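The structure appears right after this line, and notes come after that.
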Amino acid sequence: PTTKVKLECNPTARIYRKHFLGKEHFNYYSLDTALGHLVFSLKYDVIGDQEHLRLLLRTKCRTYHDVIPISCLTEFPNVVQMAKLVCEDVNVDRFYPVLYPKASRLIVTFDEHVISNNFKFGVIYQKLGATSEEELFSTNEESPAFVEFLEFLGQKVKLQDFKGFRGGLDVTHGQTGTESVYCNFRNKEIMFHVSTKLPYTEGDAQQLQRKRHIGNDIVAVVFQDENTPFVPDMIASNFLHAYVVVQAEGGGPDGPLYKVSVTARDDVPFFGPPLPDPAVFRKGPEFQEFLLTKLINAEYACYKAEKFAKLEERTRAALLETLYEELHIHSQSMMGLGGDE
């Protein structure tokens, strides 16, 4: 495929930075019995020759965004009415204005807590006939095809004193091996946990040192020299939710071919870019772009699976409560009021 493949992102996370930050706008906060803590941003916009209200409402579950032409409204709404325009479930008597000059910094930090530019992915080398977790993690040798694939995936880096994103690997005492594979892709840093480069422990059937890192990744690549069965259940992990299996297909003078298949747990929604048919790629920048995009999008899709969605909901609710408290305390003290006055 020659079309530019699309990286998934969280579309509402950057709206405040793009449309509100550094421009005249108003922020408010309130507490709703059902929706919880609310933080509301609004601004008056002229788009073309039309006047609009741009509204951004944060609740513990999600962020609502809308742009409403003022010509559609019979009268200019108050703040509660504006909040209802963007989410009709809002049920509060009033909103309190945020009177803290540095509030925008706090708000943008909350909105962007979901944006990550760092990713870590497992890379498991599966030899022909290796079908148990023990066999997968106790493989030490790397075939020429696997070495070539790793070079294609990213650059080999020495872990000692490594300055980039380390993905939980030890860069001072060498306890997670001496080298790894790292890549900078579209301003995102990716560290790979390569099964054969993590420490091997004699006499440990489970190879916990290796499993500890790869079993805590959410997405992993499985590399096969030749056709061998891979079933996700081979690896017991609460975290791994998606696998991209890459199988060397021989090739010719133009370099090796790779056959790709993808699997994910059933509560992970579909993620692009879609596989071509047949799903065979020639080694080169186009395949690298496809594969890295697929891995990043896989991780974003996995966040929507039940286990991670619940964690994110809890994190979001806690961060929103903190934001609310800070806006309240700072706004009160700006007016010279303490506590509950």
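By order of appearance in the structure tokens: chains A, B, ..., then residues from 1 within every chain, and ligands from 1 in the order shown.
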Can you pull out the residues contacting segment 20-30 of chain A? Cut-off 12 Å, using only C-alpha atoms, and skip same-chain residues under 5 positions away; I want them as a PDB file with N, CA, C and O atoms, in the first residue's frame.
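Result saved to out_25.pdb:
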ATOM      1  N   ARG A  14      -6.177  17.422  22.353  1.00  0.00           N
ATOM      2  CA  ARG A  14      -5.413  18.619  21.962  1.00  0.00           C
ATOM      3  C   ARG A  14      -6.293  19.838  21.645  1.00  0.00           C
ATOM      4  O   ARG A  14      -5.797  20.883  21.249  1.00  0.00           O
ATOM      5  N   ILE A  15      -7.613  19.700  21.806  1.00  0.00           N
ATOM      6  CA  ILE A  15      -8.511  20.800  21.419  1.00  0.00           C
ATOM      7  C   ILE A  15      -8.237  22.059  22.251  1.00  0.00           C
ATOM      8  O   ILE A  15      -8.187  23.170  21.723  1.00  0.00           O
ATOM      9  N   LEU A  35     -22.810  13.326  37.192  1.00  0.00           N
ATOM     10  CA  LEU A  35     -21.629  13.364  36.311  1.00  0.00           C
ATOM     11  C   LEU A  35     -20.328  13.602  37.074  1.00  0.00           C
ATOM     12  O   LEU A  35     -19.246  13.461  36.522  1.00  0.00           O
ATOM     13  N   GLY A  36     -20.450  13.994  38.351  1.00  0.00           N
ATOM     14  CA  GLY A  36     -19.233  14.224  39.143  1.00  0.00           C
ATOM     15  C   GLY A  36     -18.662  15.614  38.894  1.00  0.00           C
ATOM     16  O   GLY A  36     -19.391  16.567  38.593  1.00  0.00           O
ATOM     17  N   HIS A  37     -17.328  15.725  39.015  1.00  0.00           N
ATOM     18  CA  HIS A  37     -16.672  17.026  38.866  1.00  0.00           C
ATOM     19  C   HIS A  37     -16.730  17.460  37.404  1.00  0.00           C
ATOM     20  O   HIS A  37     -16.469  16.669  36.506  1.00  0.00           O
ATOM     21  N   LEU A  38     -17.061  18.740  37.205  1.00  0.00           N
ATOM     22  CA  LEU A  38     -17.137  19.287  35.852  1.00  0.00           C
ATOM     23  C   LEU A  38     -16.153  20.447  35.725  1.00  0.00           C
ATOM     24  O   LEU A  38     -16.055  21.289  36.621  1.00  0.00           O
ATOM     25  N   VAL A  39     -15.417  20.469  34.627  1.00  0.00           N
ATOM     26  CA  VAL A  39     -14.586  21.631  34.296  1.00  0.00           C
ATOM     27  C   VAL A  39     -14.954  22.017  32.866  1.00  0.00           C
ATOM     28  O   VAL A  39     -14.893  21.197  31.955  1.00  0.00           O
ATOM     29  N   PHE A  40     -15.359  23.282  32.695  1.00  0.00           N
ATOM     30  CA  PHE A  40     -15.993  23.717  31.448  1.00  0.00           C
ATOM     31  C   PHE A  40     -15.212  24.895  30.869  1.00  0.00           C
ATOM     32  O   PHE A  40     -14.916  25.856  31.576  1.00  0.00           O
ATOM     33  N   SER A  41     -14.856  24.826  29.595  1.00  0.00           N
ATOM     34  CA  SER A  41     -14.180  25.949  28.930  1.00  0.00           C
ATOM     35  C   SER A  41     -15.074  26.436  27.795  1.00  0.00           C
ATOM     36  O   SER A  41     -15.646  25.619  27.073  1.00  0.00           O
ATOM     37  N   LEU A  42     -15.158  27.763  27.643  1.00  0.00           N
ATOM     38  CA  LEU A  42     -15.963  28.270  26.530  1.00  0.00           C
ATOM     39  C   LEU A  42     -15.298  29.492  25.937  1.00  0.00           C
ATOM     40  O   LEU A  42     -14.585  30.232  26.616  1.00  0.00           O
ATOM     41  N   LYS A  43     -15.486  29.661  24.644  1.00  0.00           N
ATOM     42  CA  LYS A  43     -14.992  30.890  24.025  1.00  0.00           C
ATOM     43  C   LYS A  43     -15.912  31.303  22.895  1.00  0.00           C
ATOM     44  O   LYS A  43     -16.640  30.492  22.329  1.00  0.00           O
ATOM     45  N   TYR A  44     -15.813  32.584  22.596  1.00  0.00           N
ATOM     46  CA  TYR A  44     -16.592  33.182  21.512  1.00  0.00           C
ATOM     47  C   TYR A  44     -15.683  33.172  20.288  1.00  0.00           C
ATOM     48  O   TYR A  44     -14.543  33.617  20.346  1.00  0.00           O
ATOM     49  N   ASP A  45     -16.159  32.628  19.189  1.00  0.00           N
ATOM     50  CA  ASP A  45     -15.342  32.453  17.985  1.00  0.00           C
ATOM     51  C   ASP A  45     -16.059  33.083  16.799  1.00  0.00           C
ATOM     52  O   ASP A  45     -17.281  32.961  16.693  1.00  0.00           O
ATOM     53  N   LEU A  53     -20.096  29.728  19.400  1.00  0.00           N
ATOM     54  CA  LEU A  53     -19.581  29.384  20.738  1.00  0.00           C
ATOM     55  C   LEU A  53     -18.830  28.062  20.614  1.00  0.00           C
ATOM     56  O   LEU A  53     -19.364  27.100  20.067  1.00  0.00           O
ATOM     57  N   ARG A  54     -17.605  28.051  21.107  1.00  0.00           N
ATOM     58  CA  ARG A  54     -16.873  26.779  21.155  1.00  0.00           C
ATOM     59  C   ARG A  54     -16.882  26.305  22.607  1.00  0.00           C
ATOM     60  O   ARG A  54     -16.443  27.023  23.505  1.00  0.00           O
ATOM     61  N   LEU A  55     -17.416  25.103  22.829  1.00  0.00           N
ATOM     62  CA  LEU A  55     -17.641  24.606  24.191  1.00  0.00           C
ATOM     63  C   LEU A  55     -16.875  23.304  24.418  1.00  0.00           C
ATOM     64  O   LEU A  55     -16.877  22.418  23.561  1.00  0.00           O
ATOM     65  N   LEU A  56     -16.259  23.203  25.580  1.00  0.00           N
ATOM     66  CA  LEU A  56     -15.466  22.014  25.912  1.00  0.00           C
ATOM     67  C   LEU A  56     -15.768  21.647  27.371  1.00  0.00           C
ATOM     68  O   LEU A  56     -15.402  22.385  28.286  1.00  0.00           O
ATOM     69  N   LEU A  57     -16.468  20.538  27.575  1.00  0.00           N
ATOM     70  CA  LEU A  57     -16.883  20.143  28.923  1.00  0.00           C
ATOM     71  C   LEU A  57     -16.231  18.819  29.301  1.00  0.00           C
ATOM     72  O   LEU A  57     -16.348  17.833  28.586  1.00  0.00           O
ATOM     73  N   ARG A  58     -15.551  18.820  30.449  1.00  0.00           N
ATOM     74  CA  ARG A  58     -14.898  17.589  30.925  1.00  0.00           C
ATOM     75  C   ARG A  58     -15.718  16.979  32.051  1.00  0.00           C
ATOM     76  O   ARG A  58     -16.030  17.664  33.024  1.00  0.00           O
ATOM     77  N   THR A  59     -16.070  15.697  31.921  1.00  0.00           N
ATOM     78  CA  THR A  59     -16.710  14.953  33.010  1.00  0.00           C
ATOM     79  C   THR A  59     -15.791  13.791  33.353  1.00  0.00           C
ATOM     80  O   THR A  59     -14.805  13.549  32.657  1.00  0.00           O
ATOM     81  N   ASN A  78     -26.860  31.361  29.282  1.00  0.00           N
ATOM     82  CA  ASN A  78     -25.924  31.484  30.407  1.00  0.00           C
ATOM     83  C   ASN A  78     -25.053  30.224  30.451  1.00  0.00           C
ATOM     84  O   ASN A  78     -25.213  29.301  29.640  1.00  0.00           O
ATOM     85  N   VAL A  79     -24.134  30.152  31.425  1.00  0.00           N
ATOM     86  CA  VAL A  79     -23.132  29.072  31.419  1.00  0.00           C
ATOM     87  C   VAL A  79     -23.784  27.695  31.601  1.00  0.00           C
ATOM     88  O   VAL A  79     -23.419  26.732  30.924  1.00  0.00           O
ATOM     89  N   VAL A  80     -24.782  27.600  32.489  1.00  0.00           N
ATOM     90  CA  VAL A  80     -25.445  26.302  32.692  1.00  0.00           C
ATOM     91  C   VAL A  80     -26.124  25.853  31.396  1.00  0.00           C
ATOM     92  O   VAL A  80     -26.028  24.688  30.987  1.00  0.00           O
ATOM     93  N   MET A  82     -25.277  26.704  28.391  1.00  0.00           N
ATOM     94  CA  MET A  82     -24.224  26.331  27.436  1.00  0.00           C
ATOM     95  C   MET A  82     -23.746  24.905  27.698  1.00  0.00           C
ATOM     96  O   MET A  82     -23.544  24.121  26.772  1.00  0.00           O
ATOM     97  N   ALA A  83     -23.563  24.593  28.983  1.00  0.00           N
ATOM     98  CA  ALA A  83     -23.100  23.236  29.327  1.00  0.00           C
ATOM     99  C   ALA A  83     -24.138  22.205  28.891  1.00  0.00           C
ATOM    100  O   ALA A  83     -23.786  21.127  28.385  1.00  0.00           O
ATOM    101  N   VAL A  90     -26.251  17.412  32.017  1.00  0.00           N
ATOM    102  CA  VAL A  90     -25.754  18.317  33.066  1.00  0.00           C
ATOM    103  C   VAL A  90     -26.930  18.771  33.923  1.00  0.00           C
ATOM    104  O   VAL A  90     -27.966  19.205  33.412  1.00  0.00           O
ATOM    105  N   ASN A  91     -26.754  18.643  35.246  1.00  0.00           N
ATOM    106  CA  ASN A  91     -27.831  19.015  36.148  1.00  0.00           C
ATOM    107  C   ASN A  91     -27.242  19.750  37.353  1.00  0.00           C
ATOM    108  O   ASN A  91     -27.055  19.167  38.415  1.00  0.00           O
ATOM    109  N   VAL A  92     -26.883  21.014  37.149  1.00  0.00           N
ATOM    110  CA  VAL A  92     -26.342  21.824  38.252  1.00  0.00           C
ATOM    111  C   VAL A  92     -27.064  23.177  38.247  1.00  0.00           C
ATOM    112  O   VAL A  92     -27.609  23.598  37.226  1.00  0.00           O
ATOM    113  N   ASP A  93     -27.060  23.836  39.407  1.00  0.00           N
ATOM    114  CA  ASP A  93     -27.711  25.148  39.498  1.00  0.00           C
ATOM    115  C   ASP A  93     -26.827  26.244  38.930  1.00  0.00           C
ATOM    116  O   ASP A  93     -27.298  27.216  38.369  1.00  0.00           O
ATOM    117  N   ARG A  94     -25.517  26.078  39.130  1.00  0.00           N
ATOM    118  CA  ARG A  94     -24.621  27.145  38.682  1.00  0.00           C
ATOM    119  C   ARG A  94     -23.215  26.614  38.471  1.00  0.00           C
ATOM    120  O   ARG A  94     -22.840  25.546  38.963  1.00  0.00           O
ATOM    121  N   PHE A  95     -22.417  27.365  37.722  1.00  0.00           N
ATOM    122  CA  PHE A  95     -20.987  27.108  37.579  1.00  0.00           C
ATOM    123  C   PHE A  95     -20.229  28.233  38.268  1.00  0.00           C
ATOM    124  O   PHE A  95     -20.704  29.374  38.314  1.00  0.00           O
ATOM    125  N   TYR A  96     -19.054  27.922  38.786  1.00  0.00           N
ATOM    126  CA  TYR A  96     -18.214  28.929  39.432  1.00  0.00           C
ATOM    127  C   TYR A  96     -17.096  29.326  38.470  1.00  0.00           C
ATOM    128  O   TYR A  96     -16.465  28.462  37.867  1.00  0.00           O
ATOM    129  N   PRO A  97     -16.843  30.623  38.308  1.00  0.00           N
ATOM    130  CA  PRO A  97     -15.772  31.033  37.395  1.00  0.00           C
ATOM    131  C   PRO A  97     -14.395  30.697  37.971  1.00  0.00           C
ATOM    132  O   PRO A  97     -14.176  30.797  39.180  1.00  0.00           O
ATOM    133  N   VAL A  98     -13.491  30.314  37.099  1.00  0.00           N
ATOM    134  CA  VAL A  98     -12.095  30.090  37.504  1.00  0.00           C
ATOM    135  C   VAL A  98     -11.392  31.439  37.436  1.00  0.00           C
ATOM    136  O   VAL A  98     -11.399  32.102  36.396  1.00  0.00           O
ATOM    137  N   LEU A  99     -10.804  31.859  38.556  1.00  0.00           N
ATOM    138  CA  LEU A  99     -10.179  33.191  38.623  1.00  0.00           C
ATOM    139  C   LEU A  99      -8.676  33.086  38.861  1.00  0.00           C
ATOM    140  O   LEU A  99      -8.085  33.948  39.494  1.00  0.00           O
ATOM    141  N   TYR A 100      -8.077  32.017  38.374  1.00  0.00           N
ATOM    142  CA  TYR A 100      -6.656  31.777  38.649  1.00  0.00           C
ATOM    143  C   TYR A 100      -5.876  31.957  37.344  1.00  0.00           C
ATOM    144  O   TYR A 100      -6.151  31.265  36.361  1.00  0.00           O
ATOM    145  N   PRO A 101      -4.913  32.891  37.317  1.00  0.00           N
ATOM    146  CA  PRO A 101      -4.223  33.180  36.057  1.00  0.00           C
ATOM    147  C   PRO A 101      -3.498  31.973  35.434  1.00  0.00           C
ATOM    148  O   PRO A 101      -3.346  31.915  34.227  1.00  0.00           O
ATOM    149  N   LYS A 102      -3.067  31.031  36.278  1.00  0.00           N
ATOM    150  CA  LYS A 102      -2.325  29.889  35.722  1.00  0.00           C
ATOM    151  C   LYS A 102      -3.225  28.673  35.459  1.00  0.00           C
ATOM    152  O   LYS A 102      -2.738  27.574  35.224  1.00  0.00           O
ATOM    153  N   ALA A 103      -4.539  28.900  35.500  1.00  0.00           N
ATOM    154  CA  ALA A 103      -5.466  27.766  35.359  1.00  0.00           C
ATOM    155  C   ALA A 103      -5.261  27.010  34.049  1.00  0.00           C
ATOM    156  O   ALA A 103      -5.343  25.780  34.006  1.00  0.00           O
ATOM    157  N   SER A 104      -4.983  27.749  32.963  1.00  0.00           N
ATOM    158  CA  SER A 104      -4.854  27.103  31.654  1.00  0.00           C
ATOM    159  C   SER A 104      -3.776  26.024  31.657  1.00  0.00           C
ATOM    160  O   SER A 104      -3.911  24.999  30.996  1.00  0.00           O
ATOM    161  N   ARG A 105      -2.700  26.263  32.396  1.00  0.00           N
ATOM    162  CA  ARG A 105      -1.624  25.265  32.477  1.00  0.00           C
ATOM    163  C   ARG A 105      -2.122  23.972  33.109  1.00  0.00           C
ATOM    164  O   ARG A 105      -1.821  22.873  32.659  1.00  0.00           O
ATOM    165  N   LEU A 106      -2.891  24.141  34.185  1.00  0.00           N
ATOM    166  CA  LEU A 106      -3.422  22.954  34.880  1.00  0.00           C
ATOM    167  C   LEU A 106      -4.394  22.206  33.967  1.00  0.00           C
ATOM    168  O   LEU A 106      -4.404  20.971  33.913  1.00  0.00           O
ATOM    169  N   ILE A 107      -5.219  22.952  33.239  1.00  0.00           N
ATOM    170  CA  ILE A 107      -6.248  22.338  32.392  1.00  0.00           C
ATOM    171  C   ILE A 107      -5.609  21.594  31.232  1.00  0.00           C
ATOM    172  O   ILE A 107      -5.983  20.467  30.902  1.00  0.00           O
ATOM    173  N   VAL A 108      -4.596  22.211  30.606  1.00  0.00           N
ATOM    174  CA  VAL A 108      -3.969  21.568  29.449  1.00  0.00           C
ATOM    175  C   VAL A 108      -3.249  20.288  29.894  1.00  0.00           C
ATOM    176  O   VAL A 108      -3.258  19.269  29.189  1.00  0.00           O
ATOM    177  N   THR A 109      -2.689  20.309  31.082  1.00  0.00           N
ATOM    178  CA  THR A 109      -2.020  19.104  31.601  1.00  0.00           C
ATOM    179  C   THR A 109      -3.029  17.980  31.793  1.00  0.00           C
ATOM    180  O   THR A 109      -2.771  16.829  31.441  1.00  0.00           O
ATOM    181  N   ASP A 111      -5.978  17.660  30.195  1.00  0.00           N
ATOM    182  CA  ASP A 111      -6.477  17.218  28.891  1.00  0.00           C
ATOM    183  C   ASP A 111      -5.479  16.311  28.181  1.00  0.00           C
ATOM    184  O   ASP A 111      -5.862  15.375  27.480  1.00  0.00           O
ATOM    185  N   LEU A 320      -9.267  14.525  37.408  1.00  0.00           N
ATOM    186  CA  LEU A 320     -10.267  15.594  37.255  1.00  0.00           C
ATOM    187  C   LEU A 320     -10.644  16.164  38.625  1.00  0.00           C
ATOM    188  O   LEU A 320     -10.814  17.376  38.780  1.00  0.00           O
ATOM    189  N   GLU A 321     -10.752  15.288  39.608  1.00  0.00           N
ATOM    190  CA  GLU A 321     -11.067  15.758  40.963  1.00  0.00           C
ATOM    191  C   GLU A 321      -9.954  16.679  41.481  1.00  0.00           C
ATOM    192  O   GLU A 321     -10.211  17.726  42.066  1.00  0.00           O
ATOM    193  N   LEU A 323      -7.883  18.443  39.652  1.00  0.00           N
ATOM    194  CA  LEU A 323      -7.956  19.687  38.881  1.00  0.00           C
ATOM    195  C   LEU A 323      -9.042  20.594  39.474  1.00  0.00           C
ATOM    196  O   LEU A 323      -8.819  21.792  39.698  1.00  0.00           O
ATOM    197  N   TYR A 324     -10.211  20.020  39.732  1.00  0.00           N
ATOM    198  CA  TYR A 324     -11.337  20.765  40.306  1.00  0.00           C
ATOM    199  C   TYR A 324     -10.924  21.423  41.629  1.00  0.00           C
ATOM    200  O   TYR A 324     -11.150  22.616  41.854  1.00  0.00           O
ATOM    201  N   GLU A 325     -10.311  20.615  42.512  1.00  0.00           N
ATOM    202  CA  GLU A 325      -9.901  21.133  43.832  1.00  0.00           C
ATOM    203  C   GLU A 325      -8.909  22.293  43.665  1.00  0.00           C
ATOM    204  O   GLU A 325      -9.011  23.313  44.342  1.00  0.00           O
ATOM    205  N   GLU A 326      -7.932  22.110  42.773  1.00  0.00           N
ATOM    206  CA  GLU A 326      -6.922  23.161  42.593  1.00  0.00           C
ATOM    207  C   GLU A 326      -7.545  24.442  42.050  1.00  0.00           C
ATOM    208  O   GLU A 326      -7.235  25.541  42.501  1.00  0.00           O
ATOM    209  N   LEU A 327      -8.433  24.302  41.071  1.00  0.00           N
ATOM    210  CA  LEU A 327      -9.087  25.491  40.503  1.00  0.00           C
ATOM    211  C   LEU A 327      -9.904  26.203  41.577  1.00  0.00           C
ATOM    212  O   LEU A 327      -9.910  27.436  41.663  1.00  0.00           O
ATOM    213  N   HIS A 328     -10.570  25.408  42.406  1.00  0.00           N
ATOM    214  CA  HIS A 328     -11.414  25.988  43.463  1.00  0.00           C
ATOM    215  C   HIS A 328     -10.551  26.737  44.490  1.00  0.00           C
ATOM    216  O   HIS A 328     -10.794  27.915  44.792  1.00  0.00           O
ATOM    217  N   ILE A 329      -9.532  26.061  45.001  1.00  0.00           N
ATOM    218  CA  ILE A 329      -8.695  26.666  46.061  1.00  0.00           C
ATOM    219  C   ILE A 329      -8.011  27.939  45.543  1.00  0.00           C
ATOM    220  O   ILE A 329      -8.022  28.981  46.193  1.00  0.00           O
ATOM    221  N   SER A 331      -8.877  29.850  42.994  1.00  0.00           N
ATOM    222  CA  SER A 331      -9.850  30.912  42.687  1.00  0.00           C
ATOM    223  C   SER A 331     -10.312  31.598  43.965  1.00  0.00           C
ATOM    224  O   SER A 331     -10.469  32.827  44.008  1.00  0.00           O
TER     225      SER A 331
END
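Compared by their closest atoms to Ala34 of chain A, and using only C-alpha atoms, the residues A:Cys61, A:Ala236, A:Val262, A:Ile47 rank with A:Cys61 nearest.
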- [ ] Can you check which residues of segment 131-312 of chain A DSSP gives as alpha helix (DSSP H) on the backbone and send them as a VMD selection string?
- [x] chain A and resid 133 to 137 144 to 153 208 to 214 285 to 302 306 to 312
Hey, can you spit out that residue selection with N, CA and C atoms as a CSV table (one decimal), in the first residue's frame?
chain,number,residue,atom,x,y,z
A,133,GLU,N,5.1,-21.5,26.4
A,133,GLU,CA,5.7,-20.3,27.0
A,133,GLU,C,7.2,-20.5,27.3
A,134,GLU,N,7.5,-21.7,27.9
A,134,GLU,CA,8.9,-22.0,28.3
A,134,GLU,C,9.8,-22.0,27.1
A,135,GLU,N,9.3,-22.6,26.0
A,135,GLU,CA,10.2,-22.7,24.8
A,135,GLU,C,10.4,-21.3,24.2
A,136,LEU,N,9.3,-20.5,24.2
A,136,LEU,CA,9.4,-19.2,23.6
A,136,LEU,C,10.4,-18.3,24.3
A,137,PHE,N,10.4,-18.4,25.7
A,137,PHE,CA,11.2,-17.5,26.5
A,137,PHE,C,12.6,-18.1,26.7
A,144,PRO,N,19.8,-15.7,11.4
A,144,PRO,CA,20.1,-14.6,10.5
A,144,PRO,C,18.9,-13.8,10.1
A,145,ALA,N,17.8,-14.5,9.9
A,145,ALA,CA,16.5,-13.8,9.4
A,145,ALA,C,16.0,-12.9,10.6
A,146,PHE,N,16.1,-13.4,11.8
A,146,PHE,CA,15.6,-12.6,13.0
A,146,PHE,C,16.5,-11.4,13.2
A,147,VAL,N,17.9,-11.6,13.1
A,147,VAL,CA,18.8,-10.5,13.2
A,147,VAL,C,18.5,-9.4,12.2
A,148,GLU,N,18.2,-9.8,10.9
A,148,GLU,CA,17.9,-8.9,9.9
A,148,GLU,C,16.6,-8.1,10.2
A,149,PHE,N,15.6,-8.8,10.7
A,149,PHE,CA,14.4,-8.2,11.1
A,149,PHE,C,14.6,-7.2,12.2
A,150,LEU,N,15.4,-7.5,13.2
A,150,LEU,CA,15.6,-6.6,14.3
A,150,LEU,C,16.3,-5.3,13.8
A,151,GLU,N,17.2,-5.5,12.8
A,151,GLU,CA,17.9,-4.3,12.3
A,151,GLU,C,16.9,-3.4,11.5
A,152,PHE,N,16.0,-4.1,10.9
A,152,PHE,CA,14.9,-3.4,10.1
A,152,PHE,C,14.0,-2.6,11.1
A,153,LEU,N,13.7,-3.2,12.2
A,153,LEU,CA,12.7,-2.7,13.2
A,153,LEU,C,13.2,-1.4,13.8
A,208,LEU,N,11.8,-15.8,34.2
A,208,LEU,CA,11.0,-14.7,34.7
A,208,LEU,C,11.5,-13.3,34.3
A,209,GLN,N,12.9,-13.2,34.2
A,209,GLN,CA,13.5,-11.9,33.8
A,209,GLN,C,12.9,-11.5,32.5
A,210,ARG,N,12.8,-12.4,31.5
A,210,ARG,CA,12.2,-12.0,30.2
A,210,ARG,C,10.7,-11.8,30.3
A,211,LYS,N,10.1,-12.7,30.9
A,211,LYS,CA,8.6,-12.7,31.0
A,211,LYS,C,8.1,-11.4,31.7
A,212,ARG,N,8.9,-11.0,32.7
A,212,ARG,CA,8.5,-9.8,33.5
A,212,ARG,C,8.3,-8.6,32.6
A,213,HIS,N,9.2,-8.4,31.6
A,213,HIS,CA,9.1,-7.2,30.7
A,213,HIS,C,8.1,-7.5,29.6
A,214,ILE,N,8.2,-8.6,28.9
A,214,ILE,CA,7.3,-8.8,27.8
A,214,ILE,C,5.9,-9.1,28.2
A,285,PRO,N,11.0,0.7,3.7
A,285,PRO,CA,10.4,1.8,4.6
A,285,PRO,C,8.9,1.7,4.6
A,286,GLU,N,8.3,1.3,3.5
A,286,GLU,CA,6.8,1.2,3.5
A,286,GLU,C,6.3,0.2,4.6
A,287,PHE,N,7.0,-1.0,4.6
A,287,PHE,CA,6.6,-2.0,5.6
A,287,PHE,C,6.9,-1.5,7.0
A,288,GLN,N,8.0,-0.8,7.2
A,288,GLN,CA,8.4,-0.4,8.5
A,288,GLN,C,7.3,0.6,9.0
A,289,GLU,N,6.9,1.5,8.1
A,289,GLU,CA,5.8,2.5,8.4
A,289,GLU,C,4.5,1.8,8.8
A,290,PHE,N,4.2,0.8,8.0
A,290,PHE,CA,3.0,0.0,8.3
A,290,PHE,C,3.0,-0.7,9.6
A,291,LEU,N,4.1,-1.4,9.9
A,291,LEU,CA,4.3,-2.2,11.1
A,291,LEU,C,4.3,-1.3,12.3
A,292,LEU,N,5.0,-0.3,12.3
A,292,LEU,CA,5.1,0.6,13.5
A,292,LEU,C,3.8,1.3,13.8
A,293,THR,N,3.1,1.7,12.7
A,293,THR,CA,1.8,2.3,12.9
A,293,THR,C,0.8,1.3,13.4
A,294,LYS,N,0.8,0.1,12.9
A,294,LYS,CA,-0.1,-1.0,13.4
A,294,LYS,C,0.2,-1.3,14.9
A,295,LEU,N,1.4,-1.3,15.3
A,295,LEU,CA,1.7,-1.5,16.7
A,295,LEU,C,1.2,-0.4,17.6
A,296,ILE,N,1.4,0.9,17.2
A,296,ILE,CA,0.9,2.0,18.0
A,296,ILE,C,-0.6,2.0,18.1
A,297,ASN,N,-1.2,1.8,16.9
A,297,ASN,CA,-2.7,1.8,16.9
A,297,ASN,C,-3.2,0.7,17.7
A,298,ALA,N,-2.5,-0.5,17.7
A,298,ALA,CA,-3.0,-1.6,18.5
A,298,ALA,C,-3.0,-1.3,19.9
A,299,GLU,N,-2.0,-0.5,20.4
A,299,GLU,CA,-1.9,-0.2,21.8
A,299,GLU,C,-3.1,0.8,22.1
A,300,TYR,N,-3.4,1.8,21.3
A,300,TYR,CA,-4.5,2.7,21.5
A,300,TYR,C,-5.8,1.9,21.5
A,301,ALA,N,-6.0,0.9,20.7
A,301,ALA,CA,-7.2,0.1,20.6
A,301,ALA,C,-7.3,-0.7,21.9
A,302,CYS,N,-6.2,-1.3,22.4
A,302,CYS,CA,-6.2,-2.1,23.6
A,302,CYS,C,-6.7,-1.3,24.8
A,306,GLU,N,-11.9,-3.7,28.1
A,306,GLU,CA,-12.5,-3.5,29.4
A,306,GLU,C,-11.5,-3.2,30.5
A,307,LYS,N,-10.4,-4.1,30.6
A,307,LYS,CA,-9.5,-4.0,31.6
A,307,LYS,C,-8.8,-2.6,31.7
A,308,PHE,N,-8.3,-2.1,30.5
A,308,PHE,CA,-7.6,-0.8,30.5
A,308,PHE,C,-8.6,0.3,30.5
A,309,ALA,N,-9.8,0.2,30.0
A,309,ALA,CA,-10.7,1.3,30.0
A,309,ALA,C,-11.1,1.6,31.4
A,310,LYS,N,-11.3,0.6,32.3
A,310,LYS,CA,-11.6,0.8,33.7
A,310,LYS,C,-10.5,1.5,34.4
A,311,LEU,N,-9.2,1.1,34.1
A,311,LEU,CA,-8.1,1.8,34.7
A,311,LEU,C,-8.1,3.3,34.3
A,312,GLU,N,-8.3,3.5,33.0
A,312,GLU,CA,-8.2,4.9,32.5
A,312,GLU,C,-9.3,5.7,33.1
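For the pair atom CA of Gln224 of chain A and atom CA of Leu169 of chain A, the interatomic distance is 24.5 Å.
Between atom CA of Asp32 of chain A and atom CA of Glu88 of chain A the interatomic distance comes to 12.4 Å.
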Open item on the list: Run DSSP on the backbone and tell me which residues of segment 3-56 of chain A come out as strand (DSSP E); list them as a PyMOL selection string.
Closed with: chain A and resi 26-32+36-47+50-56
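If you look at atom CA of Lys60 of chain A and atom CA of Asn117 of chain A, they are 23.5 Å away from each other.
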- [ ] Tell me which protein, DNA and RNA residues are within 9 Å of Gln50 of chain A, counting only C-alpha atoms, leaving out same-chain ones fewer than 6 positions away, and put them as a list in words.
- [x] Pro69, Ile70 and Ser71 of chain A
Only C-alpha atoms, please: the residues just picked out, written as an mmCIF file, in the first residue's frame.
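And here's selection_33.cif as it stands now:
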data_model
loop_
_atom_site.group_PDB
_atom_site.id
_atom_site.type_symbol
_atom_site.label_atom_id
_atom_site.label_comp_id
_atom_site.auth_asym_id
_atom_site.auth_seq_id
_atom_site.Cartn_x
_atom_site.Cartn_y
_atom_site.Cartn_z
ATOM 1 C CA PRO A 69 -23.509 28.983 15.706
ATOM 2 C CA ILE A 70 -25.024 31.782 17.798
ATOM 3 C CA SER A 71 -27.595 32.379 15.018
#
Task: All residues 12 Å or closer to Pro232 of chain A, only C-alpha atoms, same chain fewer than 2 positions away omitted, as number ranges by chain - done: A: 124, 131-133, 136, 215, 219-222, 229-230, 234-245, 262-266
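In this comparison, which uses only C-alpha atoms, the residue of A:Asp254, A:Ser138, A:Cys183, A:Asn227 approaching Ala205 of chain A most closely is A:Ser138.
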